[in-house]
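Trainee: My structure is stored as protein-v1.cif, with mmCIF, C-alpha atoms.
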```
data_data
loop_
_atom_site.group_PDB
_atom_site.id
_atom_site.type_symbol
_atom_site.label_atom_id
_atom_site.label_comp_id
_atom_site.auth_asym_id
_atom_site.auth_seq_id
_atom_site.Cartn_x
_atom_site.Cartn_y
_atom_site.Cartn_z
ATOM 1 C CA MET A 1 0.000 0.000 0.000
ATOM 2 C CA LYS A 2 1.142 3.501 -0.600
ATOM 3 C CA THR A 3 -0.364 6.987 -0.599
ATOM 4 C CA ASN A 4 -0.688 8.745 -3.930
ATOM 5 C CA ILE A 5 -0.887 12.509 -3.969
ATOM 6 C CA LEU A 6 -2.691 13.860 -7.004
ATOM 7 C CA LEU A 7 -3.132 17.525 -7.738
ATOM 8 C CA LEU A 8 -6.539 18.368 -9.141
ATOM 9 C CA ALA A 9 -7.640 21.979 -9.401
ATOM 10 C CA VAL A 10 -11.305 21.408 -10.159
ATOM 11 C CA THR A 11 -13.848 24.159 -9.451
ATOM 12 C CA PHE A 12 -16.043 26.960 -10.949
ATOM 13 C CA LEU A 13 -14.863 29.249 -8.099
ATOM 14 C CA GLY A 14 -11.129 28.802 -8.923
ATOM 15 C CA MET A 15 -9.607 26.435 -6.420
ATOM 16 C CA SER A 16 -6.732 23.917 -6.561
ATOM 17 C CA VAL A 17 -7.088 20.736 -4.550
ATOM 18 C CA ILE A 18 -4.988 17.880 -3.263
ATOM 19 C CA PHE A 19 -6.554 14.457 -2.821
ATOM 20 C CA ASN A 20 -5.260 11.239 -1.296
ATOM 21 C CA SER A 21 -6.132 7.574 -1.734
ATOM 22 C CA CYS A 22 -4.598 4.426 -0.328
ATOM 23 C CA LYS A 23 -4.567 1.691 -2.982
ATOM 24 C CA LYS A 24 -2.462 -1.135 -4.308
ATOM 25 C CA GLU A 25 0.313 0.047 -6.583
ATOM 26 C CA LYS A 26 0.049 -1.200 -10.150
ATOM 27 C CA ALA A 27 2.614 -0.805 -12.910
ATOM 28 C CA GLU A 28 -0.155 -0.195 -15.432
ATOM 29 C CA ASP A 29 -1.802 2.635 -13.471
ATOM 30 C CA PRO A 30 -2.460 5.574 -15.872
ATOM 31 C CA VAL A 31 -0.958 8.978 -15.370
ATOM 32 C CA TYR A 32 -3.810 11.480 -15.125
ATOM 33 C CA SER A 33 -3.145 14.859 -16.644
ATOM 34 C CA THR A 34 -4.282 17.722 -14.405
ATOM 35 C CA GLU A 35 -3.475 20.534 -16.821
ATOM 36 C CA ALA A 36 -7.087 21.031 -17.969
ATOM 37 C CA ALA A 37 -8.367 21.163 -14.403
ATOM 38 C CA GLN A 38 -5.668 23.644 -13.433
ATOM 39 C CA ASP A 39 -6.276 25.841 -16.475
ATOM 40 C CA ASN A 40 -10.045 25.829 -15.884
ATOM 41 C CA ALA A 41 -9.499 26.759 -12.235
ATOM 42 C CA LEU A 42 -7.221 29.607 -13.268
ATOM 43 C CA ALA A 43 -9.737 30.979 -15.791
ATOM 44 C CA ASP A 44 -12.654 30.613 -13.395
ATOM 45 C CA ASN A 45 -10.744 32.365 -10.635
ATOM 46 C CA LEU A 46 -9.615 35.287 -12.803
ATOM 47 C CA PHE A 47 -13.014 35.902 -14.396
ATOM 48 C CA ASN A 48 -14.716 35.625 -10.996
ATOM 49 C CA ASP A 49 -12.376 38.392 -9.879
ATOM 50 C CA VAL A 50 -13.522 40.517 -12.834
ATOM 51 C CA GLN A 51 -17.118 40.023 -11.727
ATOM 52 C CA LYS A 52 -16.260 41.001 -8.155
ATOM 53 C CA GLN A 53 -14.704 44.277 -9.303
ATOM 54 C CA ILE A 54 -17.812 44.999 -11.384
ATOM 55 C CA SER A 55 -20.381 44.064 -8.740
ATOM 56 C CA ASP A 56 -18.612 45.974 -5.948
ATOM 57 C CA THR A 57 -18.594 49.145 -8.040
ATOM 58 C CA HIS A 58 -22.169 48.622 -9.247
ATOM 59 C CA ILE A 59 -23.608 48.116 -5.768
ATOM 60 C CA LYS A 60 -21.761 51.160 -4.388
ATOM 61 C CA GLN A 61 -23.212 53.298 -7.173
ATOM 62 C CA ASP A 62 -26.719 51.853 -6.658
ATOM 63 C CA GLU A 63 -26.589 52.761 -2.983
ATOM 64 C CA SER A 64 -25.225 56.268 -3.544
ATOM 65 C CA THR A 65 -27.317 59.394 -4.160
ATOM 66 C CA LYS A 66 -24.593 60.830 -6.391
ATOM 67 C CA SER A 67 -21.822 59.624 -8.654
ATOM 68 C CA ILE A 68 -19.085 57.671 -6.868
ATOM 69 C CA THR A 69 -16.481 58.886 -9.376
ATOM 70 C CA ASP A 70 -13.132 58.958 -7.573
ATOM 71 C CA SER A 71 -9.856 60.121 -9.133
ATOM 72 C CA SER A 72 -7.916 60.628 -5.911
ATOM 73 C CA SER A 73 -6.076 57.286 -6.046
ATOM 74 C CA TYR A 74 -5.937 54.019 -7.936
ATOM 75 C CA PRO A 75 -8.088 52.320 -8.890
ATOM 76 C CA ILE A 76 -9.675 55.399 -10.467
ATOM 77 C CA ILE A 77 -13.436 54.945 -10.868
ATOM 78 C CA THR A 78 -15.209 57.052 -13.468
ATOM 79 C CA ILE A 79 -18.990 57.036 -13.873
ATOM 80 C CA GLU A 80 -20.528 58.397 -17.059
ATOM 81 C CA ALA A 81 -24.072 59.223 -15.962
ATOM 82 C CA GLY A 82 -26.989 58.188 -18.102
ATOM 83 C CA ASP A 83 -30.584 58.230 -16.941
ATOM 84 C CA SER A 84 -30.208 58.532 -13.158
ATOM 85 C CA THR A 85 -33.827 57.448 -12.592
ATOM 86 C CA GLN A 86 -33.300 54.176 -14.460
ATOM 87 C CA TYR A 87 -29.713 53.733 -13.243
ATOM 88 C CA VAL A 88 -28.349 53.515 -16.766
ATOM 89 C CA TRP A 89 -24.644 54.347 -16.798
ATOM 90 C CA LYS A 90 -21.145 53.342 -17.816
ATOM 91 C CA ALA A 91 -18.211 52.815 -15.483
ATOM 92 C CA THR A 92 -14.463 52.563 -15.944
ATOM 93 C CA ILE A 93 -12.293 51.001 -13.249
ATOM 94 C CA ASP A 94 -8.726 52.058 -14.005
ATOM 95 C CA PHE A 95 -5.874 50.319 -12.172
ATOM 96 C CA GLY A 96 -3.177 52.233 -14.067
ATOM 97 C CA THR A 97 -0.160 50.819 -15.863
ATOM 98 C CA ASP A 98 2.212 50.298 -12.933
ATOM 99 C CA GLY A 99 -0.033 47.947 -10.975
ATOM 100 C CA VAL A 100 -2.196 48.331 -7.892
ATOM 101 C CA GLU A 101 -2.024 45.885 -5.009
ATOM 102 C CA GLY A 102 -5.455 45.032 -3.626
ATOM 103 C CA ASP A 103 -6.436 43.998 -0.123
ATOM 104 C CA ASP A 104 -6.127 40.404 -1.322
ATOM 105 C CA GLY A 105 -2.487 40.915 -2.306
ATOM 106 C CA ARG A 106 -3.131 40.675 -6.032
ATOM 107 C CA ILE A 107 -1.545 43.126 -8.467
ATOM 108 C CA ARG A 108 -3.978 44.508 -11.049
ATOM 109 C CA LYS A 109 -3.226 46.649 -14.119
ATOM 110 C CA GLY A 110 -5.302 48.074 -16.947
ATOM 111 C CA LYS A 111 -9.011 48.806 -17.101
ATOM 112 C CA ILE A 112 -12.375 47.149 -16.649
ATOM 113 C CA VAL A 113 -15.144 48.972 -18.509
ATOM 114 C CA PHE A 114 -18.778 48.012 -18.015
ATOM 115 C CA THR A 115 -22.224 49.260 -18.909
ATOM 116 C CA THR A 116 -25.460 48.617 -17.034
ATOM 117 C CA THR A 117 -29.110 49.040 -17.898
ATOM 118 C CA GLY A 118 -30.475 49.267 -14.349
ATOM 119 C CA ARG A 119 -30.041 48.531 -10.669
ATOM 120 C CA TYR A 120 -28.212 45.313 -9.854
ATOM 121 C CA VAL A 121 -31.297 43.806 -8.142
ATOM 122 C CA ASN A 122 -33.799 44.726 -10.868
ATOM 123 C CA GLU A 123 -35.179 42.135 -13.280
ATOM 124 C CA GLY A 124 -33.919 42.721 -16.808
ATOM 125 C CA THR A 125 -30.744 44.547 -15.788
ATOM 126 C CA VAL A 126 -27.897 43.614 -18.134
ATOM 127 C CA ILE A 127 -24.268 44.326 -17.250
ATOM 128 C CA ILE A 128 -21.584 43.896 -19.897
ATOM 129 C CA GLY A 129 -17.934 44.141 -18.923
ATOM 130 C CA THR A 130 -14.960 44.403 -21.270
ATOM 131 C CA LEU A 131 -11.250 44.387 -20.476
ATOM 132 C CA VAL A 132 -8.651 46.853 -21.724
ATOM 133 C CA ASN A 133 -5.045 45.708 -21.256
ATOM 134 C CA TYR A 134 -6.237 44.201 -17.987
ATOM 135 C CA SER A 135 -4.021 41.844 -16.025
ATOM 136 C CA VAL A 136 -3.952 40.212 -12.603
ATOM 137 C CA ASP A 137 -0.609 38.997 -11.253
ATOM 138 C CA ASN A 138 0.903 39.185 -14.755
ATOM 139 C CA TYR A 139 -1.873 37.147 -16.380
ATOM 140 C CA LEU A 140 -3.274 39.188 -19.276
ATOM 141 C CA ILE A 141 -7.037 38.633 -19.383
ATOM 142 C CA GLU A 142 -9.213 39.219 -22.449
ATOM 143 C CA GLY A 143 -12.881 38.601 -23.138
ATOM 144 C CA THR A 144 -16.394 39.795 -22.356
ATOM 145 C CA LYS A 145 -18.410 39.104 -19.216
ATOM 146 C CA ARG A 146 -22.196 39.434 -19.349
ATOM 147 C CA ILE A 147 -24.466 39.356 -16.275
ATOM 148 C CA GLU A 148 -28.247 39.443 -16.672
ATOM 149 C CA ASN A 149 -30.809 39.567 -13.866
ATOM 150 C CA MET A 150 -33.469 37.111 -15.065
ATOM 151 C CA GLY A 151 -36.015 37.955 -12.379
ATOM 152 C CA LYS A 152 -37.817 35.190 -10.479
ATOM 153 C CA ASN A 153 -37.925 31.489 -11.305
ATOM 154 C CA SER A 154 -40.894 29.198 -10.589
ATOM 155 C CA ASN A 155 -39.822 29.065 -6.933
ATOM 156 C CA GLN A 156 -39.819 32.879 -6.713
ATOM 157 C CA GLN A 157 -36.020 32.983 -6.426
ATOM 158 C CA THR A 158 -33.975 35.657 -8.227
ATOM 159 C CA TYR A 159 -31.502 34.208 -10.682
ATOM 160 C CA PHE A 160 -28.753 35.572 -12.923
ATOM 161 C CA LYS A 161 -27.493 34.384 -16.287
ATOM 162 C CA ILE A 162 -23.707 34.700 -16.479
ATOM 163 C CA ASP A 163 -21.628 34.285 -19.637
ATOM 164 C CA VAL A 164 -17.947 34.656 -20.448
ATOM 165 C CA ASN A 165 -17.245 34.790 -24.183
ATOM 166 C CA ASN A 166 -13.914 34.837 -26.031
ATOM 167 C CA GLY A 167 -12.065 34.371 -22.771
ATOM 168 C CA LYS A 168 -8.310 34.340 -23.206
ATOM 169 C CA ILE A 169 -5.509 34.250 -20.650
ATOM 170 C CA THR A 170 -1.887 34.868 -21.569
ATOM 171 C CA SER A 171 0.857 34.076 -19.070
ATOM 172 C CA SER A 172 4.068 36.051 -18.704
ATOM 173 C CA ASP A 173 5.864 33.219 -20.558
ATOM 174 C CA GLY A 174 3.575 33.712 -23.575
ATOM 175 C CA SER A 175 1.471 30.564 -23.116
ATOM 176 C CA VAL A 176 -2.213 31.015 -23.981
ATOM 177 C CA ARG A 177 -5.396 29.455 -22.596
ATOM 178 C CA THR A 178 -8.902 30.038 -23.948
ATOM 179 C CA TRP A 179 -12.144 29.690 -21.975
ATOM 180 C CA VAL A 180 -15.912 30.045 -22.349
ATOM 181 C CA THR A 181 -18.598 29.526 -19.713
ATOM 182 C CA HIS A 182 -22.388 29.746 -19.499
ATOM 183 C CA ARG A 183 -24.066 29.397 -16.126
ATOM 184 C CA ILE A 184 -27.097 30.237 -14.003
ATOM 185 C CA ARG A 185 -26.630 31.616 -10.486
ATOM 186 C CA THR A 186 -29.783 31.296 -8.359
ATOM 187 C CA TRP A 187 -30.348 33.116 -5.050
ATOM 188 C CA VAL A 188 -31.754 30.263 -2.925
ATOM 189 C CA VAL A 189 -31.333 31.487 0.675
ATOM 190 C CA GLY A 190 -31.373 34.957 2.248
ATOM 191 C CA GLU A 191 -32.905 37.035 -0.530
ATOM 192 C CA ASN A 192 -35.707 38.381 1.658
ATOM 193 C CA THR A 193 -33.796 38.932 4.901
ATOM 194 C CA THR A 194 -32.723 42.453 5.841
ATOM 195 C CA GLY A 195 -30.013 44.141 7.900
ATOM 196 C CA LEU A 196 -26.718 42.397 8.645
ATOM 197 C CA LEU A 197 -28.337 38.962 8.444
ATOM 198 C CA GLY A 198 -29.470 39.869 4.937
ATOM 199 C CA VAL A 199 -25.831 39.656 3.845
ATOM 200 C CA ILE A 200 -24.334 36.840 5.872
ATOM 201 C CA ASP A 201 -27.067 34.241 5.237
ATOM 202 C CA ASP A 202 -27.012 34.425 1.419
ATOM 203 C CA GLU A 203 -26.612 31.160 -0.497
ATOM 204 C CA TYR A 204 -26.607 30.468 -4.257
ATOM 205 C CA ASP A 205 -26.970 27.433 -6.509
ATOM 206 C CA ILE A 206 -24.862 27.393 -9.672
ATOM 207 C CA THR A 207 -25.587 25.329 -12.785
ATOM 208 C CA GLY A 208 -24.076 25.356 -16.253
ATOM 209 C CA SER A 209 -20.940 24.422 -18.131
ATOM 210 C CA ALA A 210 -17.529 25.584 -19.287
ATOM 211 C CA SER A 211 -15.091 24.657 -22.017
ATOM 212 C CA GLY A 212 -11.627 25.631 -23.026
ATOM 213 C CA VAL A 213 -8.283 24.824 -24.570
ATOM 214 C CA THR A 214 -5.258 24.324 -22.358
ATOM 215 C CA ALA A 215 -1.828 25.884 -22.759
ATOM 216 C CA SER A 216 -0.707 22.667 -24.494
ATOM 217 C CA ASN A 217 -3.713 22.797 -26.870
ATOM 218 C CA LYS A 218 -5.899 20.133 -25.207
ATOM 219 C CA ASP A 219 -9.680 20.567 -25.374
ATOM 220 C CA TYR A 220 -11.790 20.056 -22.266
ATOM 221 C CA THR A 221 -15.358 20.560 -21.065
ATOM 222 C CA ILE A 222 -16.894 20.856 -17.614
ATOM 223 C CA THR A 223 -20.557 20.171 -16.830
ATOM 224 C CA ILE A 224 -22.266 20.765 -13.493
ATOM 225 C CA THR A 225 -24.362 17.624 -12.982
ATOM 226 C CA GLU A 226 -25.939 18.689 -9.676
ATOM 227 C CA PRO A 227 -26.171 22.378 -8.634
ATOM 228 C CA LEU A 228 -23.118 23.687 -6.803
ATOM 229 C CA ARG A 229 -24.111 25.321 -3.496
ATOM 230 C CA VAL A 230 -22.042 28.331 -2.415
ATOM 231 C CA LYS A 231 -22.416 30.524 0.654
ATOM 232 C CA VAL A 232 -21.353 34.159 0.931
ATOM 233 C CA PHE A 233 -19.248 33.606 4.036
ATOM 234 C CA CYS A 234 -17.763 30.223 3.108
ATOM 235 C CA LYS A 235 -15.004 30.151 0.505
ATOM 236 C CA TRP A 236 -15.557 26.492 -0.419
ATOM 237 C CA ILE A 237 -18.297 24.858 -2.469
ATOM 238 C CA GLN A 238 -20.577 23.053 -0.009
ATOM 239 C CA ASP A 239 -22.547 20.681 -2.217
ATOM 240 C CA GLY A 240 -23.120 19.567 -5.808
ATOM 241 C CA ASN A 241 -21.358 17.571 -8.527
ATOM 242 C CA LEU A 242 -19.512 18.226 -11.758
ATOM 243 C CA SER A 243 -17.788 16.191 -14.434
ATOM 244 C CA LEU A 244 -14.584 17.052 -16.272
ATOM 245 C CA GLU A 245 -13.957 15.652 -19.755
ATOM 246 C CA ILE A 246 -10.409 15.937 -21.122
ATOM 247 C CA THR A 247 -9.166 14.887 -24.537
ATOM 248 C CA ASP A 248 -7.576 11.413 -24.363
ATOM 249 C CA SER A 249 -8.168 11.129 -20.595
ATOM 250 C CA PRO A 250 -10.732 9.448 -18.341
ATOM 251 C CA THR A 251 -13.705 11.427 -17.024
ATOM 252 C CA ILE A 252 -13.246 12.955 -13.577
ATOM 253 C CA ASN A 253 -16.403 13.204 -11.427
ATOM 254 C CA VAL A 254 -16.333 15.514 -8.426
ATOM 255 C CA ASP A 255 -18.714 15.417 -5.429
ATOM 256 C CA TYR A 256 -18.630 18.458 -3.112
ATOM 257 C CA GLY A 257 -21.254 17.171 -0.657
ATOM 258 C CA VAL A 258 -19.013 14.865 1.367
ATOM 259 C CA GLY A 259 -19.106 16.976 4.535
ATOM 260 C CA GLY A 260 -22.743 18.083 4.209
ATOM 261 C CA THR A 261 -24.064 21.624 3.671
ATOM 262 C CA SER A 262 -24.477 22.662 7.318
ATOM 263 C CA VAL A 263 -20.740 22.992 8.020
ATOM 264 C CA CYS A 264 -18.266 25.176 6.118
ATOM 265 C CA ASP A 265 -15.627 22.584 5.288
ATOM 266 C CA ASN A 266 -13.189 22.027 2.433
ATOM 267 C CA GLN A 267 -13.661 18.285 1.929
ATOM 268 C CA ALA A 268 -14.832 16.726 -1.329
ATOM 269 C CA LYS A 269 -14.455 13.537 -3.360
ATOM 270 C CA ALA A 270 -13.235 12.754 -6.884
ATOM 271 C CA THR A 271 -13.912 9.531 -8.796
ATOM 272 C CA ILE A 272 -11.653 8.436 -11.663
ATOM 273 C CA ASN A 273 -12.257 5.077 -13.372
ATOM 274 C CA GLY A 274 -14.194 3.873 -10.309
ATOM 275 C CA GLN A 275 -11.442 4.842 -7.849
ATOM 276 C CA GLU A 276 -12.499 7.366 -5.199
ATOM 277 C CA TYR A 277 -10.164 10.026 -3.840
ATOM 278 C CA THR A 278 -10.927 12.314 -0.895
ATOM 279 C CA PHE A 279 -9.544 15.796 -1.500
ATOM 280 C CA TYR A 280 -9.325 19.114 0.270
ATOM 281 C CA MET A 281 -10.026 22.416 -1.478
ATOM 282 C CA HIS A 282 -7.532 25.242 -0.972
#
```
Using the file provided, produce a representation of the structure as structure tokens.
Mentor:
Amino acid sequence: MKTNILLLAVTFLGMSVIFNSCKKEKAEDPVYSTEAAQDNALADNLFNDVQKQISDTHIKQDESTKSITDSSSYPIITIEAGDSTQYVWKATIDFGTDGVEGDDGRIRKGKIVFTTTGRYVNEGTVIIGTLVNYSVDNYLIEGTKRIENMGKNSNQQTYFKIDVNNGKITSSDGSVRTWVTHRIRTWVVGENTTGLLGVIDDEYDITGSASGVTASNKDYTITITEPLRVKVFCKWIQDGNLSLEITDSPTINVDYGVGGTSVCDNQAKATINGQEYTFYMH
């Protein structure tokens, strides 16, 4: 018996994982490529960061009685006012060319430009973000992010349609990864609570898919087979399943519900060719 350590960065929220399994060593055991999982995690993480920059700025503007335009320090936020009654406007978030270190320690350069057709919480609001020479930690990010408030579903839950098109990530060494994703993000818990609790109890279910091409030109696709449950104040996925298909490799199935949804834990399980591996999200 021996312990095999396999690196598998599998997630729509951008996380790398390490999983362990005790099994009999076999000479014919296949070597599982993790490049696609790592590249998907990188793309998901970077484009999630784009959405965070957009949503933070949008919500601040929604809650303000005047323009939040700020040119005193980087990032410089510029709001081009449209119809103030309908909250139609355009924003530019400028991180400059030398780089700005955020509270999370990341270095951002370039600009995020987005337009919106209404308040973030209003049905029908469409937000479209584009990137201008934008990079995070020396990864140049290109593409378009679209967020649409779809209103209420049959369960009276607000849900958002989220798309990334023509996603492209270029590393400092010149290697290129491409990425596309289409997903639905549904507000399942906490939408109607108010005050401080109205923030900390929020939970969302995520469904959808992603596809891309790795730095070594391998195609892959990811499909969420059971909705992924995420909580605002837990950085790990709490429940749900997804499958990862890689060219010339076995399918990897991931189960995030190992520890249950009541506890914020980082444990999950991956199954490859019938072999189960417990892993821990970072």
Trainee: Per residue of range 102-218 of chain A within 8 Å of range 74-98 of chain A, which atom pair is closest and at what distance in Å (one decimal), using only C-alpha atoms, listed by chain and increasing number, as JSON lines?
Mentor:
```
{"residue": "A:Arg108", "atom": "CA", "partner": "A:Phe95", "partner_atom": "CA", "distance": 6.2}
{"residue": "A:Lys109", "atom": "CA", "partner": "A:Phe95", "partner_atom": "CA", "distance": 4.9}
{"residue": "A:Gly110", "atom": "CA", "partner": "A:Phe95", "partner_atom": "CA", "distance": 5.3}
{"residue": "A:Lys111", "atom": "CA", "partner": "A:Asp94", "partner_atom": "CA", "distance": 4.5}
{"residue": "A:Ile112", "atom": "CA", "partner": "A:Ile93", "partner_atom": "CA", "distance": 5.1}
{"residue": "A:Val113", "atom": "CA", "partner": "A:Thr92", "partner_atom": "CA", "distance": 4.5}
{"residue": "A:Phe114", "atom": "CA", "partner": "A:Ala91", "partner_atom": "CA", "distance": 5.5}
{"residue": "A:Thr115", "atom": "CA", "partner": "A:Lys90", "partner_atom": "CA", "distance": 4.4}
{"residue": "A:Thr116", "atom": "CA", "partner": "A:Val88", "partner_atom": "CA", "distance": 5.7}
{"residue": "A:Thr117", "atom": "CA", "partner": "A:Val88", "partner_atom": "CA", "distance": 4.7}
{"residue": "A:Gly118", "atom": "CA", "partner": "A:Tyr87", "partner_atom": "CA", "distance": 4.7}
{"residue": "A:Arg119", "atom": "CA", "partner": "A:Tyr87", "partner_atom": "CA", "distance": 5.8}
```
Trainee: So which one's closest to Tyr256 in chain A, A:Glu276, A:Asp49, A:Asp39, A:Glu226? Using all atoms listed in the file, please.
Mentor: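 Of A:Glu276, A:Asp49, A:Asp39, A:Glu226, the one nearest Tyr256 in chain A, counting all atoms listed in the file, is A:Glu226.
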Trainee: Applied to the shown file, which residues does the PyMOL selection byres ((chain A and resi 122) around 10) return, written as an NGL selection string?
Mentor: :A and (117-121 or 123-126 or 148-151 or 158)
Trainee: Generate a file of the selected residues that holds C-alpha atoms, formatted as a PDB file, in the coordinates of the input.
Mentor:
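Result written to again_12.pdb:
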```pdb
ATOM      1  CA  THR A 117     -29.110  49.040 -17.898  1.00  0.00           C
ATOM      2  CA  GLY A 118     -30.475  49.267 -14.349  1.00  0.00           C
ATOM      3  CA  ARG A 119     -30.041  48.531 -10.669  1.00  0.00           C
ATOM      4  CA  TYR A 120     -28.212  45.313  -9.854  1.00  0.00           C
ATOM      5  CA  VAL A 121     -31.297  43.806  -8.142  1.00  0.00           C
ATOM      6  CA  GLU A 123     -35.179  42.135 -13.280  1.00  0.00           C
ATOM      7  CA  GLY A 124     -33.919  42.721 -16.808  1.00  0.00           C
ATOM      8  CA  THR A 125     -30.744  44.547 -15.788  1.00  0.00           C
ATOM      9  CA  VAL A 126     -27.897  43.614 -18.134  1.00  0.00           C
ATOM     10  CA  GLU A 148     -28.247  39.443 -16.672  1.00  0.00           C
ATOM     11  CA  ASN A 149     -30.809  39.567 -13.866  1.00  0.00           C
ATOM     12  CA  MET A 150     -33.469  37.111 -15.065  1.00  0.00           C
ATOM     13  CA  GLY A 151     -36.015  37.955 -12.379  1.00  0.00           C
ATOM     14  CA  THR A 158     -33.975  35.657  -8.227  1.00  0.00           C
TER      15      THR A 158
END
```
Trainee: Hey, what's within 8 Å of range 199-214 of chain A if we count only C-alpha atoms and toss same-chain stuff fewer than 5 positions away? As a ChimeraX atom specification, please?
Mentor: /A:35-36,39-40,176-191,194,219-233
Trainee: How many Å lie between CA of Leu140 in chain A and CA of Ser171 in chain A, rounded to one decimal?
Mentor: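 These atoms are spaced 6.6 Å apart.
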Trainee: Provide the CA of Gln157 in chain A to CA of Thr193 in chain A distance in Å, to one decimal place.
Mentor: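 A separation of 13.0 Å between them.
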Trainee: Just give me the gap between CA of Asn253 in chain A and CA of Ile272 in chain A in Å, one decimal is fine.
Mentor: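 Those two atoms sit 6.7 Å apart.
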Trainee: Any chance you could work out the residue set of the PyMOL selection byres ((chain A and resi 264) around 6) here, as number ranges by chain?
Mentor: A: 234, 263, 265
Trainee: Quick one: residues within 12 Å of Gly105 in chain A, all atoms listed in the file counted, chain neighbours fewer than 6 positions away excluded, as a list of chain:residue names?
Mentor: A:Gly99, A:Val136, A:Asp137
Trainee: With all atoms of range 95-112 of chain A from the file as input, state the centre and edge lengths in Å to one decimal of the axis-aligned box that has 5 Å extra on each side, as AutoDock Vina command-line options.
Mentor:
```
--center_x -5.1 --center_y 46.3 --center_z -8.6 --size_x 24.6 --size_y 21.8 --size_z 27.0
```
Trainee: Identify which of the residues A:Leu131, A:Gln238, A:Leu244, A:Glu142 lies closest to Tyr280 in chain A, counting all atoms listed in the file when measuring atom-to-atom distances.
Mentor: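 Smallest distance to Tyr280 in chain A is found for A:Gln238.
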Trainee: Between A:Ile54, A:Ala43, A:Ile169, A:Ala215, which one has atoms that come closest to Asn133 in chain A, using only C-alpha atoms?
Mentor: A:Ile169
